[in-house]
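> Structure file final-v3.cif, mmCIF, N, CA and C atoms, is pasted below:
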data_structure
loop_
_atom_site.label_atom_id
_atom_site.label_comp_id
_atom_site.auth_asym_id
_atom_site.auth_seq_id
_atom_site.Cartn_x
_atom_site.Cartn_y
_atom_site.Cartn_z
N MET A 1 -12.58 5.65 -12.69
CA MET A 1 -11.35 5.00 -12.36
C MET A 1 -11.61 3.96 -11.28
N LYS A 2 -11.04 2.79 -11.45
CA LYS A 2 -11.20 1.70 -10.49
C LYS A 2 -9.86 1.51 -9.76
N VAL A 3 -9.92 1.59 -8.43
CA VAL A 3 -8.71 1.53 -7.60
C VAL A 3 -8.88 0.44 -6.55
N ALA A 4 -7.83 -0.37 -6.38
CA ALA A 4 -7.81 -1.37 -5.31
C ALA A 4 -6.93 -0.86 -4.18
N VAL A 5 -7.42 -1.02 -2.96
CA VAL A 5 -6.63 -0.73 -1.76
C VAL A 5 -6.60 -2.02 -0.95
N VAL A 6 -5.42 -2.63 -0.88
CA VAL A 6 -5.25 -3.91 -0.19
C VAL A 6 -4.15 -3.72 0.84
N TYR A 7 -4.40 -4.14 2.06
CA TYR A 7 -3.45 -3.88 3.13
C TYR A 7 -3.51 -4.97 4.20
N ALA A 8 -2.54 -4.91 5.10
CA ALA A 8 -2.58 -5.68 6.35
C ALA A 8 -2.16 -4.72 7.45
N SER A 9 -2.62 -4.99 8.65
CA SER A 9 -2.27 -4.15 9.78
C SER A 9 -2.20 -5.02 11.02
N THR A 10 -1.17 -4.83 11.82
CA THR A 10 -1.04 -5.62 13.04
C THR A 10 -1.41 -4.82 14.28
N THR A 11 -1.21 -3.50 14.25
CA THR A 11 -1.51 -2.66 15.41
C THR A 11 -2.62 -1.65 15.14
N GLY A 12 -3.08 -1.59 13.89
CA GLY A 12 -4.11 -0.63 13.52
C GLY A 12 -3.57 0.60 12.82
N ASN A 13 -2.26 0.80 12.83
CA ASN A 13 -1.68 1.99 12.21
C ASN A 13 -1.81 1.99 10.69
N THR A 14 -1.46 0.89 10.06
CA THR A 14 -1.58 0.80 8.60
C THR A 14 -3.06 0.77 8.21
N GLU A 15 -3.90 0.19 9.04
CA GLU A 15 -5.34 0.20 8.78
C GLU A 15 -5.88 1.64 8.79
N ALA A 16 -5.42 2.46 9.72
CA ALA A 16 -5.85 3.86 9.75
C ALA A 16 -5.44 4.57 8.48
N MET A 17 -4.24 4.27 8.00
CA MET A 17 -3.78 4.85 6.73
C MET A 17 -4.68 4.38 5.59
N ALA A 18 -4.95 3.08 5.54
CA ALA A 18 -5.78 2.51 4.47
C ALA A 18 -7.19 3.11 4.49
N ASN A 19 -7.75 3.30 5.67
CA ASN A 19 -9.09 3.90 5.77
C ASN A 19 -9.11 5.32 5.24
N ALA A 20 -8.07 6.10 5.57
CA ALA A 20 -7.99 7.48 5.06
C ALA A 20 -7.85 7.49 3.55
N ILE A 21 -7.04 6.59 3.03
CA ILE A 21 -6.85 6.47 1.58
C ILE A 21 -8.15 6.08 0.91
N ASN A 22 -8.84 5.10 1.47
CA ASN A 22 -10.13 4.65 0.93
C ASN A 22 -11.14 5.79 0.91
N ASP A 23 -11.25 6.51 2.02
CA ASP A 23 -12.20 7.62 2.09
C ASP A 23 -11.88 8.70 1.05
N ALA A 24 -10.60 9.01 0.89
CA ALA A 24 -10.20 10.04 -0.09
C ALA A 24 -10.53 9.60 -1.50
N LEU A 25 -10.28 8.34 -1.80
CA LEU A 25 -10.58 7.83 -3.15
C LEU A 25 -12.07 7.87 -3.44
N LYS A 26 -12.87 7.43 -2.48
CA LYS A 26 -14.32 7.45 -2.66
C LYS A 26 -14.83 8.88 -2.83
N ALA A 27 -14.28 9.81 -2.05
CA ALA A 27 -14.68 11.22 -2.16
C ALA A 27 -14.33 11.80 -3.52
N SER A 28 -13.29 11.25 -4.15
CA SER A 28 -12.88 11.74 -5.48
C SER A 28 -13.70 11.12 -6.60
N GLY A 29 -14.58 10.17 -6.24
CA GLY A 29 -15.43 9.54 -7.24
C GLY A 29 -14.90 8.23 -7.79
N ALA A 30 -13.78 7.75 -7.26
CA ALA A 30 -13.22 6.48 -7.73
C ALA A 30 -14.08 5.31 -7.26
N GLU A 31 -14.09 4.28 -8.06
CA GLU A 31 -14.70 3.01 -7.65
C GLU A 31 -13.59 2.25 -6.94
N VAL A 32 -13.84 1.86 -5.68
CA VAL A 32 -12.77 1.30 -4.85
C VAL A 32 -13.08 -0.13 -4.44
N ILE A 33 -12.10 -0.98 -4.63
CA ILE A 33 -12.10 -2.33 -4.04
C ILE A 33 -11.20 -2.20 -2.81
N PHE A 34 -11.74 -2.49 -1.64
CA PHE A 34 -11.02 -2.26 -0.39
C PHE A 34 -11.05 -3.51 0.46
N GLY A 35 -9.89 -3.93 0.95
CA GLY A 35 -9.88 -5.08 1.83
C GLY A 35 -8.50 -5.48 2.28
N THR A 36 -8.46 -6.51 3.10
CA THR A 36 -7.20 -6.99 3.63
C THR A 36 -6.57 -8.02 2.69
N ALA A 37 -5.26 -8.13 2.79
CA ALA A 37 -4.51 -9.01 1.90
C ALA A 37 -4.91 -10.47 2.05
N ASP A 38 -5.34 -10.86 3.23
CA ASP A 38 -5.70 -12.26 3.44
C ASP A 38 -7.06 -12.64 2.85
N SER A 39 -7.83 -11.64 2.38
CA SER A 39 -9.14 -11.96 1.80
C SER A 39 -9.39 -11.29 0.45
N ALA A 40 -8.42 -10.58 -0.08
CA ALA A 40 -8.61 -9.86 -1.34
C ALA A 40 -8.67 -10.82 -2.53
N ASP A 41 -9.50 -10.48 -3.50
CA ASP A 41 -9.65 -11.24 -4.73
C ASP A 41 -8.55 -10.80 -5.71
N LYS A 42 -7.60 -11.67 -5.95
CA LYS A 42 -6.44 -11.32 -6.78
C LYS A 42 -6.83 -10.87 -8.18
N ALA A 43 -7.77 -11.56 -8.80
CA ALA A 43 -8.19 -11.20 -10.16
C ALA A 43 -8.87 -9.83 -10.18
N ALA A 44 -9.71 -9.56 -9.21
CA ALA A 44 -10.39 -8.27 -9.15
C ALA A 44 -9.39 -7.14 -8.92
N VAL A 45 -8.40 -7.38 -8.07
CA VAL A 45 -7.39 -6.36 -7.79
C VAL A 45 -6.56 -6.07 -9.03
N THR A 46 -6.08 -7.09 -9.69
CA THR A 46 -5.22 -6.86 -10.85
C THR A 46 -5.98 -6.31 -12.05
N ALA A 47 -7.30 -6.35 -12.02
CA ALA A 47 -8.11 -5.75 -13.09
C ALA A 47 -8.31 -4.25 -12.88
N CYS A 48 -7.90 -3.72 -11.75
CA CYS A 48 -8.08 -2.29 -11.45
C CYS A 48 -7.09 -1.43 -12.22
N ASP A 49 -7.45 -0.15 -12.37
CA ASP A 49 -6.57 0.81 -13.04
C ASP A 49 -5.37 1.16 -12.18
N VAL A 50 -5.57 1.23 -10.87
CA VAL A 50 -4.52 1.56 -9.91
C VAL A 50 -4.63 0.58 -8.74
N ILE A 51 -3.47 0.11 -8.27
CA ILE A 51 -3.43 -0.81 -7.14
C ILE A 51 -2.60 -0.15 -6.04
N LEU A 52 -3.18 0.00 -4.86
CA LEU A 52 -2.49 0.58 -3.71
C LEU A 52 -2.37 -0.49 -2.64
N LEU A 53 -1.15 -0.80 -2.26
CA LEU A 53 -0.88 -1.89 -1.33
C LEU A 53 -0.23 -1.36 -0.06
N GLY A 54 -0.69 -1.84 1.09
CA GLY A 54 -0.15 -1.37 2.35
C GLY A 54 0.29 -2.49 3.26
N SER A 55 1.43 -2.26 3.92
CA SER A 55 1.95 -3.23 4.88
C SER A 55 2.75 -2.53 5.96
N PRO A 56 2.59 -2.98 7.20
CA PRO A 56 3.49 -2.47 8.23
C PRO A 56 4.87 -3.11 8.04
N ALA A 57 5.88 -2.48 8.58
CA ALA A 57 7.21 -3.08 8.62
C ALA A 57 7.20 -4.17 9.70
N MET A 58 7.69 -5.31 9.35
CA MET A 58 7.72 -6.43 10.30
C MET A 58 9.15 -6.89 10.48
N GLY A 59 9.44 -7.47 11.62
CA GLY A 59 10.75 -8.08 11.87
C GLY A 59 11.89 -7.17 11.46
N ASP A 60 12.73 -7.68 10.57
CA ASP A 60 13.89 -6.95 10.09
C ASP A 60 13.52 -6.15 8.85
N GLU A 61 12.45 -5.33 8.98
CA GLU A 61 11.92 -4.50 7.90
C GLU A 61 11.56 -5.32 6.67
N VAL A 62 10.56 -6.18 6.84
CA VAL A 62 10.00 -6.97 5.75
C VAL A 62 8.49 -6.78 5.75
N LEU A 63 7.84 -7.22 4.68
CA LEU A 63 6.39 -7.14 4.57
C LEU A 63 5.71 -8.08 5.56
N GLU A 64 4.51 -7.70 5.98
CA GLU A 64 3.67 -8.57 6.80
C GLU A 64 3.36 -9.82 5.98
N ASP A 65 3.26 -10.98 6.62
CA ASP A 65 3.14 -12.27 5.93
C ASP A 65 2.03 -12.33 4.90
N SER A 66 0.81 -11.88 5.26
CA SER A 66 -0.29 -11.98 4.30
C SER A 66 -0.09 -11.06 3.10
N VAL A 67 0.56 -9.92 3.31
CA VAL A 67 0.87 -9.02 2.19
C VAL A 67 1.94 -9.65 1.31
N GLU A 68 2.94 -10.24 1.92
CA GLU A 68 3.99 -10.92 1.14
C GLU A 68 3.37 -12.01 0.27
N GLU A 69 2.47 -12.79 0.85
CA GLU A 69 1.82 -13.87 0.10
C GLU A 69 0.96 -13.31 -1.02
N PHE A 70 0.17 -12.28 -0.73
CA PHE A 70 -0.69 -11.68 -1.75
C PHE A 70 0.15 -11.06 -2.86
N TYR A 71 1.16 -10.29 -2.47
CA TYR A 71 2.00 -9.62 -3.46
C TYR A 71 2.70 -10.64 -4.37
N THR A 72 3.26 -11.68 -3.78
CA THR A 72 3.94 -12.71 -4.56
C THR A 72 2.98 -13.35 -5.56
N ALA A 73 1.72 -13.52 -5.17
CA ALA A 73 0.72 -14.14 -6.05
C ALA A 73 0.35 -13.26 -7.24
N ILE A 74 0.46 -11.92 -7.08
CA ILE A 74 0.06 -11.03 -8.19
C ILE A 74 1.26 -10.39 -8.89
N GLU A 75 2.44 -10.60 -8.39
CA GLU A 75 3.64 -9.90 -8.89
C GLU A 75 3.81 -10.03 -10.40
N THR A 76 3.57 -11.21 -10.95
CA THR A 76 3.76 -11.39 -12.40
C THR A 76 2.66 -10.72 -13.22
N SER A 77 1.62 -10.23 -12.58
CA SER A 77 0.52 -9.53 -13.28
C SER A 77 0.66 -8.01 -13.22
N LEU A 78 1.77 -7.51 -12.70
CA LEU A 78 1.89 -6.07 -12.46
C LEU A 78 2.63 -5.30 -13.55
N ASN A 79 3.11 -5.97 -14.58
CA ASN A 79 3.82 -5.30 -15.65
C ASN A 79 2.92 -4.24 -16.29
N GLY A 80 3.36 -2.99 -16.25
CA GLY A 80 2.59 -1.89 -16.84
C GLY A 80 1.48 -1.34 -15.95
N LYS A 81 1.25 -1.95 -14.80
CA LYS A 81 0.19 -1.50 -13.88
C LYS A 81 0.68 -0.34 -13.01
N LYS A 82 -0.22 0.59 -12.70
CA LYS A 82 0.08 1.66 -11.75
C LYS A 82 -0.12 1.12 -10.34
N VAL A 83 0.96 1.17 -9.56
CA VAL A 83 0.93 0.62 -8.20
C VAL A 83 1.56 1.62 -7.23
N GLY A 84 0.93 1.77 -6.07
CA GLY A 84 1.48 2.58 -4.99
C GLY A 84 1.56 1.73 -3.74
N ILE A 85 2.53 2.04 -2.89
CA ILE A 85 2.70 1.28 -1.65
C ILE A 85 2.78 2.23 -0.46
N PHE A 86 2.26 1.75 0.67
CA PHE A 86 2.23 2.56 1.88
C PHE A 86 2.34 1.66 3.10
N GLY A 87 2.68 2.26 4.24
CA GLY A 87 2.71 1.48 5.47
C GLY A 87 3.27 2.26 6.64
N SER A 88 3.17 1.62 7.79
CA SER A 88 3.63 2.23 9.03
C SER A 88 4.80 1.41 9.59
N TYR A 89 5.58 2.06 10.43
CA TYR A 89 6.73 1.41 11.02
C TYR A 89 6.98 1.95 12.42
N ASP A 90 7.77 1.22 13.17
CA ASP A 90 8.12 1.63 14.52
C ASP A 90 9.63 1.87 14.62
N TRP A 91 10.41 1.08 13.94
CA TRP A 91 11.86 1.15 13.99
C TRP A 91 12.38 1.21 12.56
N GLY A 92 13.68 1.35 12.43
CA GLY A 92 14.28 1.34 11.10
C GLY A 92 14.07 2.67 10.39
N ASP A 93 14.27 2.63 9.09
CA ASP A 93 14.21 3.86 8.30
C ASP A 93 13.42 3.74 7.01
N GLY A 94 12.61 2.70 6.89
CA GLY A 94 11.79 2.54 5.69
C GLY A 94 12.35 1.59 4.67
N GLN A 95 13.33 0.78 5.06
CA GLN A 95 13.95 -0.13 4.10
C GLN A 95 12.94 -1.08 3.46
N TRP A 96 11.93 -1.51 4.23
CA TRP A 96 10.94 -2.44 3.68
C TRP A 96 10.20 -1.83 2.50
N LEU A 97 9.93 -0.54 2.53
CA LEU A 97 9.26 0.10 1.39
C LEU A 97 10.22 0.30 0.22
N ARG A 98 11.48 0.60 0.49
CA ARG A 98 12.45 0.74 -0.60
C ARG A 98 12.65 -0.60 -1.30
N ASP A 99 12.75 -1.66 -0.51
CA ASP A 99 12.89 -3.00 -1.10
C ASP A 99 11.67 -3.37 -1.92
N TRP A 100 10.49 -3.05 -1.41
CA TRP A 100 9.23 -3.37 -2.10
C TRP A 100 9.14 -2.56 -3.40
N LYS A 101 9.53 -1.31 -3.35
CA LYS A 101 9.54 -0.48 -4.56
C LYS A 101 10.45 -1.10 -5.62
N ASP A 102 11.63 -1.58 -5.20
CA ASP A 102 12.55 -2.24 -6.14
C ASP A 102 11.90 -3.47 -6.75
N ARG A 103 11.21 -4.25 -5.96
CA ARG A 103 10.52 -5.44 -6.48
C ARG A 103 9.46 -5.04 -7.49
N LEU A 104 8.71 -3.98 -7.19
CA LEU A 104 7.69 -3.51 -8.13
C LEU A 104 8.31 -3.05 -9.44
N THR A 105 9.37 -2.30 -9.35
CA THR A 105 10.06 -1.83 -10.55
C THR A 105 10.55 -3.01 -11.38
N ASN A 106 11.14 -4.00 -10.72
CA ASN A 106 11.62 -5.19 -11.42
C ASN A 106 10.48 -5.99 -12.04
N ALA A 107 9.29 -5.89 -11.48
CA ALA A 107 8.12 -6.58 -12.03
C ALA A 107 7.50 -5.80 -13.19
N GLY A 108 8.01 -4.59 -13.44
CA GLY A 108 7.48 -3.78 -14.54
C GLY A 108 6.35 -2.86 -14.16
N ALA A 109 6.07 -2.75 -12.86
CA ALA A 109 5.00 -1.86 -12.42
C ALA A 109 5.42 -0.41 -12.60
N VAL A 110 4.43 0.45 -12.77
CA VAL A 110 4.64 1.89 -12.85
C VAL A 110 4.26 2.46 -11.49
N MET A 111 5.16 3.16 -10.85
CA MET A 111 4.86 3.71 -9.53
C MET A 111 3.83 4.83 -9.65
N ALA A 112 2.70 4.64 -9.00
CA ALA A 112 1.62 5.63 -9.03
C ALA A 112 1.98 6.85 -8.20
N ALA A 113 2.85 6.67 -7.21
CA ALA A 113 3.32 7.74 -6.33
C ALA A 113 4.51 7.17 -5.57
N GLU A 114 5.29 8.05 -4.98
CA GLU A 114 6.39 7.58 -4.14
C GLU A 114 5.82 6.86 -2.93
N PRO A 115 6.51 5.85 -2.41
CA PRO A 115 6.02 5.15 -1.23
C PRO A 115 5.71 6.11 -0.07
N LEU A 116 4.63 5.80 0.64
CA LEU A 116 4.18 6.62 1.76
C LEU A 116 4.37 5.85 3.06
N MET A 117 5.14 6.41 3.99
CA MET A 117 5.30 5.75 5.28
C MET A 117 5.00 6.71 6.42
N VAL A 118 4.46 6.12 7.48
CA VAL A 118 4.12 6.88 8.68
C VAL A 118 4.74 6.18 9.87
N HIS A 119 5.36 6.96 10.74
CA HIS A 119 5.96 6.41 11.95
C HIS A 119 4.88 6.27 13.02
N LEU A 120 4.69 5.03 13.48
CA LEU A 120 3.73 4.70 14.53
C LEU A 120 2.29 5.10 14.15
N THR A 121 1.54 5.64 15.10
CA THR A 121 0.13 5.96 14.88
C THR A 121 -0.02 7.22 14.04
N PRO A 122 -0.79 7.15 12.96
CA PRO A 122 -0.99 8.34 12.13
C PRO A 122 -1.69 9.46 12.92
N GLU A 123 -1.07 10.62 12.94
CA GLU A 123 -1.65 11.82 13.55
C GLU A 123 -2.41 12.58 12.46
N ASP A 124 -3.03 13.69 12.81
CA ASP A 124 -3.82 14.46 11.85
C ASP A 124 -3.03 14.82 10.59
N ALA A 125 -1.79 15.26 10.76
CA ALA A 125 -0.97 15.64 9.60
C ALA A 125 -0.66 14.42 8.73
N ASP A 126 -0.49 13.26 9.35
CA ASP A 126 -0.23 12.03 8.60
C ASP A 126 -1.46 11.60 7.81
N ILE A 127 -2.63 11.73 8.43
CA ILE A 127 -3.89 11.39 7.74
C ILE A 127 -4.07 12.32 6.53
N GLU A 128 -3.76 13.59 6.71
CA GLU A 128 -3.84 14.54 5.59
C GLU A 128 -2.88 14.12 4.48
N GLN A 129 -1.70 13.66 4.86
CA GLN A 129 -0.72 13.18 3.88
C GLN A 129 -1.27 11.96 3.14
N CYS A 130 -1.94 11.06 3.85
CA CYS A 130 -2.56 9.88 3.23
C CYS A 130 -3.60 10.29 2.21
N ILE A 131 -4.41 11.28 2.56
CA ILE A 131 -5.46 11.77 1.66
C ILE A 131 -4.83 12.35 0.40
N ASN A 132 -3.83 13.20 0.56
CA ASN A 132 -3.17 13.80 -0.60
C ASN A 132 -2.46 12.76 -1.45
N TRP A 133 -1.84 11.78 -0.80
CA TRP A 133 -1.15 10.71 -1.51
C TRP A 133 -2.14 9.90 -2.35
N ALA A 134 -3.27 9.55 -1.76
CA ALA A 134 -4.28 8.77 -2.48
C ALA A 134 -4.79 9.51 -3.71
N THR A 135 -5.07 10.78 -3.54
CA THR A 135 -5.56 11.61 -4.65
C THR A 135 -4.54 11.67 -5.76
N SER A 136 -3.28 11.86 -5.40
CA SER A 136 -2.20 11.91 -6.39
C SER A 136 -1.99 10.56 -7.07
N ALA A 137 -2.00 9.49 -6.31
CA ALA A 137 -1.75 8.14 -6.84
C ALA A 137 -2.83 7.70 -7.82
N ALA A 138 -4.05 8.18 -7.62
CA ALA A 138 -5.17 7.73 -8.44
C ALA A 138 -5.36 8.56 -9.71
N LYS A 139 -4.46 9.50 -9.97
CA LYS A 139 -4.59 10.33 -11.18
C LYS A 139 -4.11 9.59 -12.41
#
Would you mind writing the file's structure down as structure tokens?

Amino acid sequence: MKVAVVYASTTGNTEAMANAINDALKASGAEVIFGTADSADKAAVTACDVILLGSPAMGDEVLEDSVEEFYTAIETSLNGKKVGIFGSYDWGDGQWLRDWKDRLTNAGAVMAAEPLMVHLTPEDADIEQCINWATSAAK
């Protein structure tokens, strides 16, 4: 199974989630394309069996700019693709992930797992949740 993990992080919290997800996928034997949204290869990502995208909540609960740009560039290629989304937040209640899930559904993507969000810095229990989420999403 080939899985892409593409993310952005402004404080390191979403990066910690992405690293845990990457490690779990590699431990499960998946072939992983891993990187940040500002440098990810769009064609390589959309060729994967599963695409996992991560973004912190920004401003009024919106995607980080580079993730928004990357996602917009691949959105029309997601019909029928298994996609999961994750991210960290400081305020709000997760509206940015609910909105993103709606966009994915409207693009025809198949949700690989329910969106995963972590408040602030991932603690041990949150990292464990990231590991379990990654394993489930990549099935």
> Tell me, in Å to one decimal, how far atom N of Glu128 (chain A) is from atom C of Ala8 (chain A).
18.4 Å
> Name all residues at most 5 Å from region 27-41 of chain A (count all atoms listed in the file; drop same-chain ones fewer than 5 positions away) and give them as a ChimeraX atom specification.
/A:1-8,66
> Using the chain letters and numbers from the file, which residues does the PyMOL selection byres (((chain A and resi 109-121 and name CA) around 6) and name CA) grab, as an MDAnalysis selection string?
chainID A and resid 13 78:90 104:105 107:108 122 137
> I'd like to know which of A:Thr46, A:Ser77, A:Asn22, A:Ser55 is closest to Thr10 (chain A), using only N, CA and C atoms.
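Of A:Thr46, A:Ser77, A:Asn22, A:Ser55, the one nearest Thr10 (chain A), counting only N, CA and C atoms, is A:Ser55.
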> Do a neighbour search on Val62 (chain A) at 7 Å with only N, CA and C atoms, toss out local chain neighbours closer than 6 positions, and write the hits as a CSV table (one decimal) with N, CA and C atoms, in the coordinates of the input.

chain,number,residue,atom,x,y,z
A,56,PRO,N,2.6,-3.0,7.2
A,56,PRO,CA,3.5,-2.5,8.2
A,56,PRO,C,4.9,-3.1,8.0
A,95,GLN,N,13.3,0.8,5.1
A,95,GLN,CA,14.0,-0.1,4.1
A,95,GLN,C,12.9,-1.1,3.5
A,96,TRP,N,11.9,-1.5,4.2
A,96,TRP,CA,10.9,-2.4,3.7
A,96,TRP,C,10.2,-1.8,2.5
> At what distance in Å, to one decimal, does CA of Thr11 (chain A) lie from atom C of Ile51 (chain A)?
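Between atom C of Ile51 (chain A) and CA of Thr11 (chain A) the gap is 21.6 Å.
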> For CA of Phe70 (chain A) and atom N of Glu123 (chain A), quote the distance in Å rounded to one decimal.
26.7 Å
> From the set A:Glu61, A:Leu97, A:Leu25, A:Asp124, which residue has the shortest atom-to-atom contact distance to Ala138 (chain A), counting all atoms listed in the file?
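Ranked by minimum distance to Ala138 (chain A), first place goes to A:Leu25.
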> Excluding same-chain residues fewer than 6 positions from Cys130 (chain A), what lies within 7 Å of it counting only C-alpha atoms, as a VMD selection string?
chain A and resid 17 20 to 21
> My list of candidates is A:Ala134, A:Trp100, A:Asp23, A:Ile127. Which is closest to Leu63 (chain A) when distances are computed with all atoms listed in the file?
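Answer, going by the shortest atom-to-atom distance: A:Trp100.
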> Using DSSP on the backbone coordinates, identify the residues of region 42-138 of chain A assigned to strand (DSSP E or B); present them as a list in words.
Val50, Ile51, Leu52, Leu53, Gly54, Met58, Val62, Lys82, Val83, Gly84, Ile85, Phe86, Gly87, Ser88, Tyr89, Val110, Met111, Leu116, Met117, Val118 and His119 of chain A
> For region 117-120 of chain A, what centre and edge lengths in Å (one decimal) does the axis-aligned box get once 6 Å is added on each side of all its listed atoms, as AutoDock Vina command-line options?

--center_x 4.1 --center_y 5.8 --center_z 9.3 --size_x 15.7 --size_y 14.3 --size_z 22.5
> Quick one: pick out all helix (DSSP H, G or I) residues within region 4-138 of chain A from a backbone DSSP run and write them as number ranges by chain.
A: 13-27, 42-46, 65-77, 95-106, 124-137
